[in-house]
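Okay, input.tsv is below, TSV, C-alpha atoms:
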chain	number	residue	atom	x	y	z
O	1	MET	CA	83.00	104.18	113.24
O	2	ARG	CA	84.49	107.37	114.64
O	3	LEU	CA	87.57	109.09	113.27
O	4	TYR	CA	89.50	111.46	115.53
O	5	TYR	CA	91.34	113.94	113.33
O	6	PHE	CA	92.30	117.55	112.64
O	7	PRO	CA	91.76	119.01	109.13
O	8	LEU	CA	95.24	120.60	108.94
O	9	SER	CA	97.03	117.38	109.88
O	10	SER	CA	98.60	115.76	106.82
O	11	TYR	CA	98.12	112.29	108.28
O	12	SER	CA	94.47	113.06	109.04
O	13	GLN	CA	94.08	114.23	105.44
O	14	LYS	CA	95.62	110.97	104.24
O	15	ALA	CA	92.99	108.95	106.15
O	16	LEU	CA	90.16	111.25	105.03
O	17	ILE	CA	91.13	110.76	101.39
O	18	ALA	CA	90.95	107.00	101.94
O	19	PHE	CA	87.48	107.22	103.52
O	20	ALA	CA	86.25	109.23	100.55
O	21	GLU	CA	87.83	106.86	98.04
O	22	LYS	CA	86.31	103.84	99.78
O	23	GLU	CA	82.92	105.60	100.02
O	24	ILE	CA	82.63	104.72	103.71
O	25	GLY	CA	80.52	106.68	106.15
O	26	PHE	CA	81.89	107.59	109.58
O	27	THR	CA	81.44	109.98	112.48
O	28	ARG	CA	83.87	112.88	112.61
O	29	GLU	CA	85.52	113.73	115.92
O	30	LEU	CA	87.60	116.88	115.42
O	31	VAL	CA	90.52	117.28	117.83
O	32	ASP	CA	92.13	120.72	117.70
O	33	ILE	CA	95.73	119.69	118.31
O	34	ARG	CA	96.76	123.34	118.61
O	35	ASP	CA	94.84	123.58	121.89
O	36	PRO	CA	96.77	122.06	124.85
O	37	ALA	CA	93.54	121.35	126.74
O	38	ALA	CA	92.05	119.53	123.75
O	39	ARG	CA	95.21	117.48	123.31
O	40	GLU	CA	95.28	116.54	126.98
O	41	GLY	CA	91.63	115.55	126.88
O	42	TYR	CA	92.24	113.40	123.82
O	43	ARG	CA	95.10	111.61	125.58
O	44	LYS	CA	92.57	110.21	128.01
O	45	LEU	CA	91.19	108.28	125.05
O	46	TYR	CA	94.45	107.54	123.24
O	47	TRP	CA	97.55	107.64	125.42
O	48	LEU	CA	99.92	108.79	122.62
O	49	GLY	CA	97.64	111.65	121.68
O	50	LYS	CA	98.40	111.23	117.98
O	51	ILE	CA	95.92	111.72	115.17
O	52	PRO	CA	94.27	110.27	113.22
O	53	MET	CA	92.80	107.48	115.27
O	54	LEU	CA	89.84	105.31	114.27
O	55	VAL	CA	87.45	103.69	116.73
O	56	ALA	CA	85.80	100.78	114.95
O	57	ASP	CA	82.20	99.74	115.53
O	58	ASP	CA	83.36	97.00	117.89
O	59	GLY	CA	85.29	99.55	119.97
O	60	GLU	CA	88.76	98.61	118.76
O	61	MET	CA	91.10	101.60	118.49
O	62	ILE	CA	93.11	101.70	115.26
O	63	ALA	CA	95.90	104.27	115.12
O	64	GLU	CA	98.37	105.39	112.41
O	65	SER	CA	97.09	106.53	109.02
O	66	SER	CA	98.59	103.66	107.00
O	67	ILE	CA	97.14	101.06	109.37
O	68	ILE	CA	93.75	102.78	109.25
O	69	ILE	CA	93.81	102.57	105.45
O	70	GLU	CA	94.84	98.90	105.61
O	71	TYR	CA	91.88	98.26	107.92
O	72	LEU	CA	89.43	100.04	105.61
O	73	ASP	CA	90.70	98.31	102.48
O	74	TYR	CA	90.56	94.88	104.11
O	75	HIS	CA	87.12	95.22	105.70
O	76	PHE	CA	85.28	97.18	102.98
O	77	SER	CA	84.98	96.20	99.33
O	78	THR	CA	83.33	99.45	98.28
O	79	GLY	CA	84.91	102.20	96.21
O	80	THR	CA	88.58	102.26	95.25
O	81	ARG	CA	90.91	99.37	95.99
O	82	LEU	CA	93.75	101.20	97.76
O	83	ILE	CA	96.21	98.32	98.25
O	84	PRO	CA	96.71	95.98	95.28
O	85	SER	CA	95.75	92.37	95.79
O	86	ASP	CA	98.97	91.02	94.30
O	87	PRO	CA	101.85	90.83	96.81
O	88	ASP	CA	104.38	92.75	94.69
O	89	GLY	CA	101.93	95.56	93.96
O	90	ALA	CA	101.03	95.76	97.65
O	91	ARG	CA	104.70	95.89	98.63
O	92	GLN	CA	105.46	98.64	96.14
O	93	THR	CA	102.44	100.64	97.33
O	94	ARG	CA	103.63	100.39	100.93
O	95	PHE	CA	107.12	101.46	99.83
O	96	HIS	CA	105.77	104.66	98.27
O	97	ASP	CA	103.56	105.21	101.32
O	98	ARG	CA	106.60	105.04	103.61
O	99	ASN	CA	108.58	107.39	101.35
O	100	ALA	CA	105.76	109.93	101.50
O	101	ASP	CA	105.41	109.77	105.28
O	102	LEU	CA	108.98	109.36	106.49
O	103	TYR	CA	111.01	111.34	103.99
O	104	LEU	CA	108.75	113.88	102.28
O	105	ASN	CA	106.10	114.73	104.88
O	106	GLU	CA	108.39	114.66	107.91
O	107	SER	CA	111.05	116.75	106.15
O	108	ILE	CA	108.53	119.37	105.04
O	109	THR	CA	107.13	119.49	108.57
O	110	MET	CA	110.62	119.92	110.03
O	111	LEU	CA	111.47	122.70	107.58
O	112	HIS	CA	108.22	124.51	108.38
O	113	LYS	CA	108.72	124.27	112.14
O	114	GLU	CA	112.26	125.63	111.93
O	115	ARG	CA	111.13	128.56	109.81
O	116	LEU	CA	108.56	129.50	112.42
O	117	LYS	CA	111.36	130.08	114.93
O	118	PRO	CA	113.23	133.38	115.24
O	119	GLN	CA	116.36	133.26	113.08
O	120	PRO	CA	118.86	132.87	116.00
O	121	GLN	CA	116.94	129.85	117.34
O	122	ARG	CA	116.79	127.89	114.10
O	123	ASN	CA	118.64	124.58	113.85
O	124	ALA	CA	120.80	124.94	110.74
O	125	ASP	CA	121.68	121.24	110.64
O	126	ALA	CA	118.01	120.22	110.80
O	127	ILE	CA	117.16	122.65	107.99
O	128	THR	CA	120.01	121.35	105.81
O	129	GLN	CA	119.00	117.74	106.39
O	130	ALA	CA	115.33	118.46	105.66
O	131	GLN	CA	116.15	120.32	102.45
O	132	PHE	CA	118.47	117.51	101.35
O	133	ARG	CA	115.79	114.85	101.87
O	134	ILE	CA	113.16	116.94	100.11
O	135	ASN	CA	115.40	117.44	97.08
O	136	VAL	CA	116.23	113.73	96.96
O	137	MET	CA	112.53	112.90	97.07
O	138	TYR	CA	111.71	115.48	94.40
O	139	ASP	CA	114.38	114.07	92.07
O	140	TYR	CA	113.06	110.55	92.64
O	141	LEU	CA	109.38	111.49	92.25
O	142	ASP	CA	109.91	113.52	89.12
O	143	ASP	CA	111.63	110.55	87.49
O	144	HIS	CA	109.17	107.98	88.86
O	145	LEU	CA	106.11	109.92	87.62
O	146	ARG	CA	107.52	110.45	84.13
O	147	ASP	CA	105.11	107.97	82.49
O	148	LYS	CA	102.56	107.42	85.27
O	149	ARG	CA	99.21	108.97	86.06
O	150	TRP	CA	99.34	107.91	89.73
O	151	MET	CA	102.08	106.53	91.95
O	152	MET	CA	101.14	102.97	90.95
O	153	SER	CA	100.66	103.75	87.26
O	154	ASP	CA	96.96	103.96	86.32
O	155	ASN	CA	95.53	103.00	89.73
O	156	PHE	CA	94.96	105.44	92.60
O	157	THR	CA	96.20	103.75	95.79
O	158	MET	CA	97.26	104.34	99.38
O	159	ALA	CA	100.51	105.74	97.95
O	160	ASP	CA	98.57	108.64	96.44
O	161	CYS	CA	96.61	109.14	99.68
O	162	ALA	CA	100.01	109.55	101.34
O	163	MET	CA	101.65	111.78	98.70
O	164	ALA	CA	98.82	114.29	98.29
O	165	PRO	CA	98.94	116.05	101.72
O	166	PRO	CA	102.71	116.72	101.87
O	167	LEU	CA	102.70	118.01	98.30
O	168	SER	CA	99.91	120.37	99.30
O	169	TYR	CA	102.15	121.91	101.96
O	170	ALA	CA	105.27	121.62	99.82
O	171	GLN	CA	103.99	124.21	97.38
O	172	TYR	CA	104.44	126.76	100.19
O	173	VAL	CA	107.27	125.33	102.26
O	174	ALA	CA	109.51	123.84	99.55
O	175	PRO	CA	108.10	124.53	96.06
O	176	PHE	CA	108.78	121.82	93.48
O	177	ASP	CA	109.73	124.35	90.79
O	178	GLY	CA	111.11	122.84	87.62
O	179	ARG	CA	109.88	119.32	88.38
O	180	THR	CA	107.34	119.13	85.58
O	181	ASN	CA	106.19	115.58	86.29
O	182	ILE	CA	105.53	116.35	89.95
O	183	ALA	CA	103.70	119.52	88.92
O	184	SER	CA	101.49	117.57	86.50
O	185	TYR	CA	100.81	114.93	89.17
O	186	TRP	CA	99.90	117.69	91.64
O	187	GLN	CA	97.39	119.11	89.16
O	188	ARG	CA	95.77	115.68	88.80
O	189	LEU	CA	95.64	115.26	92.58
O	190	LYS	CA	93.85	118.60	92.98
O	191	THR	CA	91.07	117.47	90.64
O	192	ARG	CA	90.54	114.16	92.44
O	193	THR	CA	87.15	114.39	94.18
O	194	SER	CA	88.37	112.77	97.39
O	195	PHE	CA	91.25	115.22	97.78
O	196	LYS	CA	89.16	118.23	96.74
O	197	THR	CA	86.79	117.43	99.61
O	198	VAL	CA	89.70	117.25	102.07
O	199	LEU	CA	91.18	120.52	100.83
O	200	ARG	CA	87.81	122.23	101.13
O	201	GLU	CA	87.50	121.31	104.81
O	202	ALA	CA	91.10	122.28	105.51
O	203	GLY	CA	90.75	125.63	103.70
O	204	PRO	CA	90.13	127.93	106.70
O	205	TYR	CA	92.89	126.25	108.72
O	206	LEU	CA	95.26	126.42	105.76
O	207	GLU	CA	94.82	130.18	105.54
O	208	GLN	CA	95.83	130.43	109.20
O	209	PHE	CA	98.83	128.18	108.50
O	210	LYS	CA	99.98	130.39	105.62
O	211	ALA	CA	99.48	133.61	107.56
O	212	ALA	CA	101.46	132.37	110.58
O	213	ALA	CA	104.49	131.56	108.43
O	214	GLY	CA	104.16	134.36	105.89
O	215	TYR	CA	103.63	131.99	102.97
O	216	ARG	CA	102.05	133.34	99.80

Can the structure from this file be put into structure tokens for me?
Amino acid sequence: MRLYYFPLSSYSQKALIAFAEKEIGFTRELVDIRDPAAREGYRKLYWLGKIPMLVADDGEMIAESSIIIEYLDYHFSTGTRLIPSDPDGARQTRFHDRNADLYLNESITMLHKERLKPQPQRNADAITQAQFRINVMYDYLDDHLRDKRWMMSDNFTMADCAMAPPLSYAQYVAPFDGRTNIASYWQRLKTRTSFKTVLREAGPYLEQFKAAAGYR
């Protein structure tokens, strides 16, 4: 299998965490999405040009991080079970996965992109909406994690694969100050071997990310 990804991409990180948790070997195909030529070349393989994208051993192309994780969990019994076998547990895991992607990650990304613009060019409405969604998610997460080790209680799942990357960027873009349960969860995530490996690879790119936006 070949995974097309970029280490700084939160959705790529989500898939990489899953590969590590499942203990599955694969070939890495790094696509530098910051380079227009690289992006255009990649579109010849995948017309949307989005990462990550997995090419299975039979040649099937599997896009979207959640779908990639579903594929891995269904086809490989090794390592961590990332989607519970019971229907209700699976549904709840997917719910948290969608919250992480659509409301937390996308809002943090929007806020970061607006802050990169010169002040007169920033979209005030977009910033307000992003900050509102982030605060709503923080309030929800801090309450949800009150008595849980991971998003699905004691079991590390796809929901944690999805939450880890945006929280990594959130500490710079929209710090979760005062949310003690999120902060404790973040500390646990940082010690998880699968995520530590992802953060290590992303390290050099993360320093560039912080420098470009003036984050400390």

Practice task
Do a neighbour search on segment 122-134 of chain O at 9 Å with only C-alpha atoms, toss out local chain neighbours closer than 5 positions, and write the hits as number ranges by chain.
Solution key: O: 103-111, 114-117, 139, 174

Completion exercise
Counting all atoms listed in the file, the residue among O:Phe156, O:Phe95, O:Tyr169, O:Tyr71 that lies closest to Arg216 of chain O is O:Tyr169

Practice task
Report the distance between atom CA of Ala18 of chain O and atom CA of Ser194 of chain O in Å, rounded to one decimal place.
Solution key: 7.8 Å

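In this comparison, which uses only C-alpha atoms, the residue of O:Met1, O:Leu145, O:Glu29, O:Arg192 approaching Met61 of chain O most closely is O:Met1.
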
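The smallest atom-to-atom distance between Asp88 of chain O and any of O:Met152, O:Ile62, O:Ile51, O:Cys161, using all atoms listed in the file, is found for O:Met152.
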